[in-house]
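*Asks:* This is start-v4.cif, which holds mmCIF, C-alpha atoms:
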```
data_query
#
loop_
_atom_site.label_atom_id
_atom_site.label_comp_id
_atom_site.auth_asym_id
_atom_site.auth_seq_id
_atom_site.Cartn_x
_atom_site.Cartn_y
_atom_site.Cartn_z
CA MET N 1 185.67 11.77 -103.65
CA ALA N 2 187.25 10.29 -106.78
CA ARG N 3 190.37 12.32 -105.92
CA TRP N 4 190.64 10.86 -102.43
CA LYS N 5 193.84 9.01 -101.62
CA LEU N 6 194.13 5.81 -99.62
CA HIS N 7 194.83 7.57 -96.33
CA HIS N 8 191.64 9.61 -96.77
CA TRP N 9 189.64 6.41 -97.08
CA ILE N 10 191.39 4.89 -94.07
CA LEU N 11 190.53 7.97 -92.01
CA LEU N 12 186.93 7.76 -93.23
CA GLY N 13 186.86 4.10 -92.22
CA LEU N 14 188.10 5.05 -88.76
CA VAL N 15 185.41 7.72 -88.33
CA VAL N 16 182.57 5.58 -89.68
CA GLY N 17 183.62 2.54 -87.64
CA ALA N 18 184.02 4.58 -84.45
CA ILE N 19 180.68 6.38 -84.80
CA ALA N 20 178.82 3.19 -85.68
CA GLY N 21 180.49 1.30 -82.84
CA LEU N 22 179.78 3.98 -80.22
CA ALA N 23 176.15 4.27 -81.37
CA ALA N 24 175.70 0.49 -81.24
CA ASN N 25 177.33 0.37 -77.81
CA GLN N 26 174.95 3.00 -76.46
CA LEU N 27 171.90 1.23 -77.89
CA ALA N 28 172.96 -2.26 -76.81
CA THR N 29 174.49 -1.61 -73.39
CA ARG N 30 172.60 -3.34 -70.58
CA PRO N 31 172.26 -1.56 -67.21
CA ALA N 32 175.27 -2.23 -64.98
CA SER N 33 172.96 -3.09 -62.08
CA ALA N 34 171.01 -5.59 -64.09
CA THR N 35 171.67 -9.29 -63.74
CA ALA N 36 172.49 -11.37 -66.77
CA ASP N 37 169.36 -12.03 -68.85
CA ALA N 38 168.47 -13.71 -72.13
CA LEU N 39 170.19 -10.91 -74.08
CA ASP N 40 173.31 -10.74 -71.89
CA ARG N 41 174.24 -14.27 -70.97
CA ASP N 42 177.97 -13.53 -70.63
CA GLY N 43 177.34 -10.69 -68.15
CA ASN N 44 179.48 -8.09 -69.97
CA HIS N 45 176.54 -5.63 -70.07
CA VAL N 46 176.49 -5.63 -73.90
CA ASP N 47 173.63 -7.19 -75.85
CA ASP N 48 174.73 -10.66 -77.00
CA ARG N 49 173.40 -9.94 -80.50
CA LEU N 50 175.86 -7.05 -80.83
CA ASP N 51 178.64 -9.26 -79.45
CA TRP N 52 177.82 -11.87 -82.10
CA LEU N 53 177.79 -9.27 -84.90
CA ALA N 54 181.11 -7.76 -83.79
CA LEU N 55 182.96 -11.04 -83.22
CA ASN N 56 181.57 -13.13 -86.12
CA ILE N 57 181.06 -10.58 -88.90
CA ALA N 58 183.06 -7.36 -88.38
CA ASP N 59 186.14 -8.80 -86.67
CA PRO N 60 186.84 -11.58 -89.24
CA VAL N 61 186.63 -9.05 -92.10
CA GLY N 62 189.23 -6.91 -90.36
CA ARG N 63 191.44 -9.90 -89.63
CA VAL N 64 191.75 -10.73 -93.33
CA PHE N 65 193.84 -7.58 -93.64
CA LEU N 66 195.93 -8.52 -90.60
CA ARG N 67 196.55 -12.07 -91.85
CA LEU N 68 197.83 -10.74 -95.18
CA ILE N 69 200.30 -8.56 -93.28
CA PHE N 70 201.41 -11.42 -91.01
CA MET N 71 201.84 -13.70 -94.03
CA VAL N 72 204.78 -11.71 -95.44
CA VAL N 73 206.41 -10.50 -92.21
CA LEU N 74 209.33 -12.94 -92.26
CA PRO N 75 210.33 -12.62 -95.94
CA LEU N 76 209.95 -8.85 -95.74
CA VAL N 77 212.05 -8.49 -92.59
CA PHE N 78 214.88 -10.68 -93.84
CA SER N 79 215.09 -9.16 -97.32
CA ALA N 80 214.60 -5.54 -96.19
CA LEU N 81 217.19 -5.66 -93.41
CA ALA N 82 219.79 -7.60 -95.44
CA LEU N 83 219.40 -5.21 -98.38
CA GLY N 84 219.38 -2.17 -96.10
CA VAL N 85 222.77 -3.13 -94.65
CA HIS N 86 224.13 -4.18 -98.06
CA GLU N 87 223.26 -0.73 -99.45
CA PHE N 88 225.82 0.77 -97.11
CA GLY N 89 228.29 -0.50 -99.72
CA ASP N 90 231.71 -2.07 -99.37
CA LEU N 91 232.51 -1.39 -95.74
CA ARG N 92 236.26 -1.58 -96.41
CA ARG N 93 236.07 0.92 -99.27
CA LEU N 94 233.75 3.37 -97.57
CA GLY N 95 236.07 3.62 -94.59
CA ARG N 96 235.57 6.71 -92.49
CA VAL N 97 232.33 7.89 -94.13
CA GLY N 98 230.66 4.50 -93.73
CA ILE N 99 231.74 4.10 -90.11
CA ARG N 100 230.64 7.61 -89.17
CA THR N 101 227.30 7.07 -90.88
CA LEU N 102 226.75 3.76 -89.08
CA VAL N 103 227.74 5.14 -85.67
CA LEU N 104 225.62 8.29 -85.94
CA THR N 105 222.68 6.28 -87.28
CA ALA N 106 222.86 4.01 -84.24
CA VAL N 107 223.20 6.98 -81.84
CA PHE N 108 220.28 8.89 -83.35
CA SER N 109 218.06 5.79 -83.43
CA LEU N 110 218.88 4.72 -79.86
CA THR N 111 218.23 8.26 -78.63
CA ALA N 112 214.90 8.39 -80.45
CA VAL N 113 213.68 5.06 -79.07
CA ALA N 114 214.87 5.97 -75.56
CA ILE N 115 212.83 9.20 -75.73
CA GLY N 116 209.72 7.35 -76.86
CA VAL N 117 210.03 4.56 -74.30
CA SER N 118 210.65 7.05 -71.49
CA LEU N 119 207.56 9.08 -72.39
CA VAL N 120 205.32 6.01 -72.53
CA ASN N 121 206.64 4.79 -69.17
CA THR N 122 206.05 8.24 -67.68
CA LEU N 123 202.68 9.18 -69.19
CA ARG N 124 201.30 5.60 -69.45
CA PRO N 125 198.74 6.44 -72.16
CA GLY N 126 197.43 2.87 -72.37
CA ALA N 127 197.00 2.22 -68.66
CA GLY N 128 193.58 3.86 -68.25
CA LEU N 129 191.39 0.99 -69.41
CA PRO N 130 189.37 -0.77 -66.69
CA ALA N 131 190.36 -4.36 -65.96
CA GLY N 132 187.13 -5.72 -67.45
CA GLN N 133 187.77 -4.05 -70.80
CA ARG N 134 191.34 -5.31 -70.84
CA GLN N 135 190.03 -8.82 -70.39
CA GLN N 136 187.66 -8.34 -73.34
CA LEU N 137 190.58 -7.24 -75.50
CA TRP N 138 192.60 -10.30 -74.47
CA GLU N 139 189.71 -12.60 -75.36
CA GLN N 140 189.25 -10.86 -78.71
CA TYR N 141 192.86 -10.61 -79.87
CA ALA N 142 194.76 -13.37 -78.03
CA GLY N 143 192.81 -16.55 -77.52
CA GLY N 144 195.26 -17.97 -74.95
CA ALA N 145 195.37 -14.85 -72.79
CA ALA N 146 196.27 -16.54 -69.50
CA GLU N 147 199.09 -18.52 -71.08
CA THR N 148 200.53 -15.43 -72.79
CA VAL N 149 200.43 -13.34 -69.63
CA GLN N 150 202.21 -16.15 -67.79
CA LYS N 151 204.91 -16.20 -70.49
CA ALA N 152 205.32 -12.43 -70.13
CA ARG N 153 205.90 -12.82 -66.41
CA GLN N 154 208.61 -15.42 -67.00
CA ALA N 155 210.91 -12.86 -68.61
CA LYS N 156 214.52 -13.62 -69.33
CA SER N 157 217.39 -11.87 -67.63
CA VAL N 158 219.17 -9.07 -69.49
CA ARG N 159 222.17 -11.38 -69.96
CA ASP N 160 220.13 -14.17 -71.56
CA THR N 161 218.18 -11.69 -73.67
CA LEU N 162 221.37 -10.25 -75.12
CA LEU N 163 223.01 -13.66 -75.63
CA ASP N 164 219.95 -15.05 -77.40
CA ILE N 165 220.19 -12.27 -79.99
CA ILE N 166 222.77 -14.50 -81.72
CA PRO N 167 220.85 -17.50 -83.11
CA GLU N 168 222.20 -21.03 -82.99
CA ASN N 169 219.77 -22.07 -85.73
CA PRO N 170 218.33 -19.16 -87.78
CA LEU N 171 215.77 -21.40 -89.51
CA GLN N 172 214.44 -22.62 -86.17
CA GLU N 173 214.12 -19.00 -85.01
CA MET N 174 212.21 -18.11 -88.20
CA VAL N 175 209.75 -20.96 -87.79
CA GLY N 176 208.92 -20.01 -84.20
CA ALA N 177 209.30 -16.24 -84.45
CA LEU N 178 205.63 -15.29 -84.60
CA ASP N 179 204.07 -17.87 -82.29
CA GLY N 180 206.74 -17.69 -79.57
CA SER N 181 207.94 -21.28 -80.01
CA SER N 182 211.49 -20.38 -81.05
CA LYS N 183 214.34 -21.66 -78.90
CA GLY N 184 216.15 -18.32 -78.56
CA ASN N 185 215.10 -14.71 -79.10
CA GLY N 186 212.75 -15.30 -82.01
CA MET N 187 212.43 -12.41 -84.40
CA LEU N 188 215.27 -10.43 -82.82
CA ALA N 189 217.57 -13.36 -83.61
CA VAL N 190 216.21 -13.44 -87.18
CA MET N 191 216.95 -9.72 -87.51
CA PHE N 192 220.49 -10.23 -86.20
CA PHE N 193 221.03 -12.99 -88.77
CA ALA N 194 219.74 -10.69 -91.54
CA LEU N 195 222.01 -7.92 -90.27
CA MET N 196 225.08 -10.19 -90.38
CA PHE N 197 224.01 -11.62 -93.74
CA GLY N 198 223.79 -8.12 -95.25
CA ALA N 199 227.12 -7.06 -93.74
CA ALA N 200 228.85 -10.18 -95.09
CA LEU N 201 227.24 -9.58 -98.48
CA THR N 202 229.05 -6.26 -98.79
CA LEU N 203 232.39 -8.10 -98.61
CA VAL N 204 231.62 -10.62 -101.39
CA PRO N 205 232.87 -9.75 -104.90
CA GLU N 206 230.20 -8.18 -107.09
CA GLU N 207 230.17 -10.92 -109.73
CA ARG N 208 229.58 -13.63 -107.12
CA LYS N 209 226.72 -11.92 -105.26
CA ARG N 210 224.79 -10.38 -108.15
CA VAL N 211 222.23 -13.19 -108.39
CA LEU N 212 221.72 -13.36 -104.61
CA VAL N 213 221.17 -9.59 -104.34
CA SER N 214 218.68 -9.75 -107.23
CA TRP N 215 216.88 -12.59 -105.44
CA LEU N 216 216.66 -10.54 -102.22
CA GLU N 217 215.38 -7.52 -104.18
CA GLY N 218 212.77 -9.74 -105.84
CA LEU N 219 211.70 -11.19 -102.49
CA PHE N 220 211.39 -7.66 -101.06
CA ASP N 221 209.38 -6.44 -104.08
CA VAL N 222 206.99 -9.40 -103.92
CA SER N 223 206.45 -8.88 -100.18
CA MET N 224 205.76 -5.17 -100.70
CA THR N 225 203.34 -5.97 -103.53
CA ILE N 226 201.33 -8.18 -101.20
CA ILE N 227 201.37 -5.44 -98.54
CA ARG N 228 200.20 -2.85 -101.08
CA PHE N 229 197.34 -5.18 -101.97
CA ALA N 230 196.52 -5.60 -98.29
CA MET N 231 196.55 -1.82 -97.80
CA ARG N 232 193.75 -1.52 -100.38
CA LEU N 233 191.61 -3.46 -97.93
CA ALA N 234 192.69 -1.22 -95.05
CA PRO N 235 189.74 1.26 -95.14
CA LEU N 236 187.17 -1.55 -94.78
CA ALA N 237 189.39 -3.41 -92.31
CA VAL N 238 189.86 -0.33 -90.14
CA ALA N 239 186.13 0.37 -90.12
CA CYS N 240 185.35 -3.22 -89.07
CA LEU N 241 188.10 -3.45 -86.46
CA VAL N 242 187.27 -0.08 -84.89
CA PHE N 243 183.57 -0.98 -84.89
CA THR N 244 184.36 -4.26 -83.11
CA VAL N 245 186.35 -2.53 -80.38
CA THR N 246 184.14 0.53 -79.81
CA SER N 247 180.87 -1.41 -79.95
CA ARG N 248 182.05 -3.64 -77.11
CA LEU N 249 184.16 -1.20 -75.08
CA GLY N 250 182.53 2.18 -75.73
CA GLY N 251 184.49 5.46 -75.82
CA GLN N 252 187.15 4.48 -73.27
CA ILE N 253 189.43 3.04 -75.96
CA LEU N 254 189.20 6.25 -78.02
CA HIS N 255 190.33 8.24 -74.98
CA ALA N 256 193.40 5.99 -74.74
CA LEU N 257 194.10 6.47 -78.45
CA VAL N 258 194.11 10.26 -78.08
CA TRP N 259 196.72 9.97 -75.33
CA PHE N 260 198.71 7.59 -77.51
CA MET N 261 198.77 10.12 -80.36
CA LEU N 262 199.82 12.94 -78.03
CA THR N 263 202.59 10.80 -76.52
CA ALA N 264 203.98 9.77 -79.91
CA ALA N 265 203.80 13.35 -81.23
CA ALA N 266 205.52 14.66 -78.08
CA GLY N 267 208.37 12.16 -78.49
CA MET N 268 208.89 13.17 -82.11
CA ALA N 269 208.82 16.86 -81.15
CA VAL N 270 211.50 16.33 -78.49
CA HIS N 271 213.72 14.48 -80.96
CA PHE N 272 213.12 17.03 -83.73
CA PHE N 273 213.44 20.26 -81.73
CA ILE N 274 216.06 19.22 -79.15
CA VAL N 275 218.19 16.26 -80.34
CA TYR N 276 218.64 17.46 -83.93
CA PRO N 277 219.59 21.07 -82.99
CA VAL N 278 222.08 19.81 -80.39
CA ALA N 279 223.65 17.50 -83.01
CA LEU N 280 223.78 20.32 -85.56
CA ILE N 281 225.50 22.67 -83.11
CA LEU N 282 227.98 20.19 -81.60
CA LEU N 283 228.75 17.95 -84.58
CA GLY N 284 227.68 19.85 -87.67
CA ARG N 285 228.72 23.37 -86.59
CA LYS N 286 225.51 24.55 -88.22
CA SER N 287 222.84 26.98 -87.02
CA PRO N 288 219.62 24.99 -86.41
CA ALA N 289 217.50 27.98 -87.52
CA ALA N 290 219.40 28.17 -90.81
CA PHE N 291 219.19 24.40 -91.28
CA PHE N 292 215.41 24.26 -90.81
CA ARG N 293 214.94 27.31 -93.06
CA GLU N 294 217.03 25.73 -95.84
CA THR N 295 215.23 22.37 -95.66
CA THR N 296 211.61 23.58 -95.43
CA ASP N 297 210.75 22.21 -98.88
CA VAL N 298 212.00 18.76 -97.84
CA MET N 299 209.86 18.73 -94.69
CA VAL N 300 206.75 19.86 -96.59
CA THR N 301 207.28 17.10 -99.17
CA ALA N 302 207.75 14.52 -96.41
CA LEU N 303 204.58 15.71 -94.66
CA GLY N 304 202.55 15.44 -97.84
CA THR N 305 203.85 12.09 -99.12
CA SER N 306 204.56 10.22 -95.87
CA SER N 307 207.34 8.50 -97.81
CA SER N 308 211.09 8.77 -97.27
CA ASN N 309 211.67 7.30 -100.73
CA ALA N 310 209.36 9.80 -102.44
CA THR N 311 211.09 12.66 -100.61
CA LEU N 312 214.61 11.49 -101.53
CA PRO N 313 214.95 13.53 -104.79
CA THR N 314 213.95 16.73 -102.98
CA ALA N 315 216.34 15.94 -100.12
CA LEU N 316 219.25 15.34 -102.51
CA ARG N 317 218.63 18.65 -104.27
CA SER N 318 218.29 20.55 -100.99
CA ALA N 319 221.50 19.01 -99.61
CA THR N 320 223.63 20.21 -102.50
CA GLU N 321 221.89 23.49 -103.40
CA ASN N 322 220.74 24.78 -99.99
CA LEU N 323 222.98 23.11 -97.42
CA ARG N 324 225.92 23.05 -99.86
CA LEU N 325 227.12 19.62 -98.79
CA PRO N 326 229.64 17.67 -100.89
CA ARG N 327 227.67 15.71 -103.46
CA GLU N 328 229.44 12.39 -102.86
CA ILE N 329 228.68 12.50 -99.13
CA SER N 330 225.08 13.70 -99.42
CA ASN N 331 224.29 11.14 -102.14
CA PHE N 332 225.65 8.28 -100.04
CA VAL N 333 224.21 9.32 -96.66
CA LEU N 334 220.76 10.33 -97.94
CA THR N 335 220.33 7.27 -100.15
CA VAL N 336 221.27 4.95 -97.31
CA GLY N 337 219.25 7.01 -94.84
CA ALA N 338 216.02 6.61 -96.84
CA THR N 339 216.06 3.02 -95.58
CA GLY N 340 218.60 2.85 -92.78
CA ASN N 341 218.26 6.04 -90.71
CA GLN N 342 214.59 6.22 -89.76
CA ASN N 343 214.66 7.79 -86.31
CA GLY N 344 211.00 8.79 -86.32
CA THR N 345 209.93 5.27 -87.25
CA ALA N 346 212.14 3.70 -84.56
CA LEU N 347 210.70 6.08 -81.94
CA TYR N 348 207.14 5.38 -83.10
CA GLU N 349 207.59 1.62 -83.00
CA GLY N 350 208.85 1.78 -79.41
CA VAL N 351 205.86 3.93 -78.41
CA VAL N 352 203.35 1.62 -80.12
CA VAL N 353 204.72 -1.54 -78.51
CA LEU N 354 204.77 -0.13 -74.97
CA PHE N 355 201.35 1.51 -75.44
CA LEU N 356 199.73 -1.74 -76.57
CA ALA N 357 201.46 -3.63 -73.75
CA GLN N 358 199.82 -1.20 -71.31
CA VAL N 359 196.45 -1.53 -73.04
CA PHE N 360 196.59 -5.33 -72.74
CA GLY N 361 197.90 -5.16 -69.18
CA VAL N 362 201.29 -6.76 -69.94
CA GLU N 363 203.98 -5.38 -67.65
CA LEU N 364 207.29 -5.49 -69.52
CA SER N 365 210.42 -6.22 -67.53
CA LEU N 366 213.68 -4.31 -68.02
CA ALA N 367 214.99 -7.11 -70.24
CA GLN N 368 211.87 -6.98 -72.40
CA GLN N 369 212.11 -3.20 -72.73
CA VAL N 370 215.75 -3.60 -73.79
CA THR N 371 214.48 -6.03 -76.43
CA VAL N 372 211.93 -3.44 -77.61
CA VAL N 373 214.65 -0.78 -77.90
CA LEU N 374 217.03 -3.04 -79.84
CA MET N 375 214.35 -4.35 -82.17
CA SER N 376 212.97 -0.86 -82.82
CA VAL N 377 216.45 0.34 -83.82
CA LEU N 378 216.93 -2.64 -86.15
CA ALA N 379 213.41 -2.26 -87.50
CA GLY N 380 214.23 1.35 -88.33
CA ILE N 381 216.94 0.01 -90.66
CA GLY N 382 214.67 -2.55 -92.29
CA THR N 383 211.52 -0.41 -92.64
CA ALA N 384 210.41 0.35 -96.19
CA GLY N 385 210.34 4.08 -96.87
CA ILE N 386 206.70 4.12 -97.96
CA PRO N 387 203.39 4.95 -96.22
CA GLY N 388 202.55 2.23 -93.69
CA GLY N 389 205.91 0.53 -94.19
CA SER N 390 206.49 0.16 -90.45
CA LEU N 391 203.31 -1.82 -89.67
CA PRO N 392 204.66 -5.33 -90.38
CA LEU N 393 207.76 -4.70 -88.29
CA ILE N 394 205.71 -3.38 -85.36
CA VAL N 395 203.83 -6.69 -85.40
CA ILE N 396 207.00 -8.73 -84.92
CA VAL N 397 208.19 -6.57 -82.03
CA LEU N 398 204.78 -7.05 -80.37
CA GLN N 399 204.97 -10.80 -80.80
CA THR N 400 208.46 -10.90 -79.29
CA VAL N 401 207.34 -9.37 -75.99
CA ASN N 402 204.14 -11.46 -75.77
CA VAL N 403 201.67 -8.77 -76.82
CA PRO N 404 199.10 -9.97 -79.42
CA GLY N 405 200.24 -8.88 -82.88
CA GLU N 406 196.59 -8.43 -83.84
CA GLY N 407 196.46 -5.61 -81.30
CA ILE N 408 197.96 -3.34 -83.93
CA ALA N 409 194.38 -3.02 -85.19
CA LEU N 410 193.77 -0.55 -82.37
CA ILE N 411 196.16 2.04 -83.85
CA LEU N 412 195.58 1.46 -87.58
CA GLY N 413 193.13 4.33 -87.92
CA VAL N 414 195.47 6.97 -86.47
CA ASP N 415 198.66 5.52 -87.94
CA ARG N 416 198.48 7.63 -91.10
CA VAL N 417 198.40 10.93 -89.20
CA LEU N 418 201.46 9.93 -87.18
CA ASP N 419 203.08 8.51 -90.33
CA MET N 420 203.20 12.04 -91.73
CA LEU N 421 204.96 13.34 -88.61
CA ARG N 422 207.49 10.52 -88.34
CA THR N 423 208.39 10.85 -92.03
CA VAL N 424 209.33 14.49 -91.37
CA VAL N 425 211.52 13.32 -88.49
CA ASN N 426 213.04 10.59 -90.70
CA VAL N 427 214.06 12.77 -93.65
CA SER N 428 215.22 15.62 -91.41
CA GLY N 429 217.37 13.12 -89.53
CA ASP N 430 218.96 12.04 -92.82
CA LEU N 431 219.90 15.65 -93.59
CA VAL N 432 221.21 16.22 -90.06
CA LEU N 433 223.29 13.05 -90.40
CA ALA N 434 224.68 14.18 -93.77
CA THR N 435 225.55 17.61 -92.32
CA CYS N 436 227.42 16.06 -89.37
CA VAL N 437 229.31 13.55 -91.52
CA ALA N 438 230.29 16.26 -94.04
CA ARG N 439 231.56 18.50 -91.26
CA ALA N 440 233.66 15.70 -89.76
CA GLU N 441 235.17 14.94 -93.18
CA SER N 442 235.97 18.62 -93.83
CA ASN N 443 237.70 18.90 -90.44
CA ARG N 444 239.83 15.82 -91.19
CA THR N 445 240.76 17.17 -94.65
CA ALA N 446 241.68 20.58 -93.20
CA HIS N 447 244.12 18.92 -90.82
#
```
Can you present the structure in this file as structure tokens?
*Replies:*
Amino acid sequence: MARWKLHHWILLGLVVGAIAGLAANQLATRPASATADALDRDGNHVDDRLDWLALNIADPVGRVFLRLIFMVVLPLVFSALALGVHEFGDLRRLGRVGIRTLVLTAVFSLTAVAIGVSLVNTLRPGAGLPAGQRQQLWEQYAGGAAETVQKARQAKSVRDTLLDIIPENPLQEMVGALDGSSKGNGMLAVMFFALMFGAALTLVPEERKRVLVSWLEGLFDVSMTIIRFAMRLAPLAVACLVFTVTSRLGGQILHALVWFMLTAAAGMAVHFFIVYPVALILLGRKSPAAFFRETTDVMVTALGTSSSNATLPTALRSATENLRLPREISNFVLTVGATGNQNGTALYEGVVVLFLAQVFGVELSLAQQVTVVLMSVLAGIGTAGIPGGSLPLIVIVLQTVNVPGEGIALILGVDRVLDMLRTVVNVSGDLVLATCVARAESNRTAH
């Protein structure tokens, strides 16, 4: 067990918490036909002593982990997204390559999120919970449930949603981003500001921006250090949070989680086996079978590390030696893609947000789903290419559409398994992007 890695411990925490919670639920469940008695004063058919243990001991321990994540959401989002855009380089100098990379990144990411959102709307993996259990989840994770549901029903029009992406006062949006008190579009407006900040930064002379870029890199590193510390608490936090949920709700929530995993995996499979081959054939003039054969080592590395950054050296070598792409194009596209072209992560974030909205019984309007799509695409640019790097950004998307950010606790235990799959989609998408850009450049040179 000394050789176990963090994700092994998180998985163990999930199993232990689920088994303990289900066993406690079975032992403490009161008969449905019984009237409330001294051990079930709230009438939820679960022994009040178990309720007290779950809500006052296990749940607070798990929430320490969540609070640490929430604490650095804003600095992480701003620094990661601004740096991610800045790393595209001087937009005037990069010219055609930069524009093609940006456009294809946006197309791939939008397609990925659209696939994920469509599958969740069709399969509705989180809609199977009984109304009573949904209410328990609201009470546990969002103290003001009635007020939040009412806010969700008062959705903005598509026009206002799009207009509010541009903030009048970025600082005001930052202050109210997580609690919903911002004047405009909250975190989406903050992300737009970071996007514009990073784009403008590329146009400032190097000697005048060096200190500011170093400051942003320092802010990002500090935020990631805090998240890495929080992740060390994740095994215990997952065990406590899963125990809290399963002890009060029984096995119904686990059934919903299985459907969530299948939905997310199906979306990634569609993007990987359909969208990428179509792009390779139409834009890259490359056989998909040959492409996948020549990049097998990259996919295996991505599966094992769950990190786009850790896979980058292998991807760079495979691009030049196996795919035979021009070094200057592959180096630029793959380096940028490790942060900016995370299709699998964007798809996953869209699936998570809609799944949790269904679990909590929040019906998202068209405008809110547009917000989810846009924020998932932007979050794909700002996500750190490390295991669990997408979790903080999922929280802010949840908060934006009035779903409790703490609800992410429900998927923490299975996140690592899906992290492996989406990393494969991410790094493969970078190589597909590099292949398409290289082909377009060769065609232009030939003419």
*Asks:* Counting only C-alpha atoms, figure out which residue out of N:Val117, N:Leu53, N:Val333, N:Leu374 gets nearest to Tyr348 (chain N).
*Replies:*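 Of N:Val117, N:Leu53, N:Val333, N:Leu374, the one nearest Tyr348 (chain N), counting only C-alpha atoms, is N:Val117.
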*Asks:* Considering all atoms listed in the file, can you say which of N:Glu406, N:Glu441, N:Glu349, N:Asp430 comes closest to Leu66 (chain N)?
*Replies:*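 Ranking N:Glu406, N:Glu441, N:Glu349, N:Asp430 by distance to Leu66 (chain N), first place goes to N:Glu406.
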*Asks:* What is the CA of Ala58 (chain N) to CA of Phe243 (chain N) distance in Å?
*Replies:*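 The value is 7.3 Å.
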*Asks:* Under the PyMOL selection byres ((chain N and resi 24) around 9), which residues of this model are included? Write them out as a ChimeraX atom specification.
*Replies:* /N:19-23,25-29,50,243,246-248,250
*Asks:* Taking only C-alpha atoms into account, name the residue in N:Ala54, N:Val278, N:Met191, N:Val213 that is nearest to His86 (chain N).
*Replies:*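 For His86 (chain N), the nearest of the candidates is N:Val213.
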*Asks:* Please, which residues are within 10 Å of (210.7, -15.0, -95.9) by the file's coordinates, counting all atoms listed in the file, and could they come as a ChimeraX atom specification?
*Replies:* /N:71-79,174,216,219-220,223
*Asks:* Counting only C-alpha atoms, figure out which residue out of N:Ala434, N:Val85, N:Leu102, N:Ala200 gets nearest to Ser318 (chain N).
*Replies:*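 When distances to Ser318 (chain N) are compared using only C-alpha atoms, the smallest one comes from N:Ala434.
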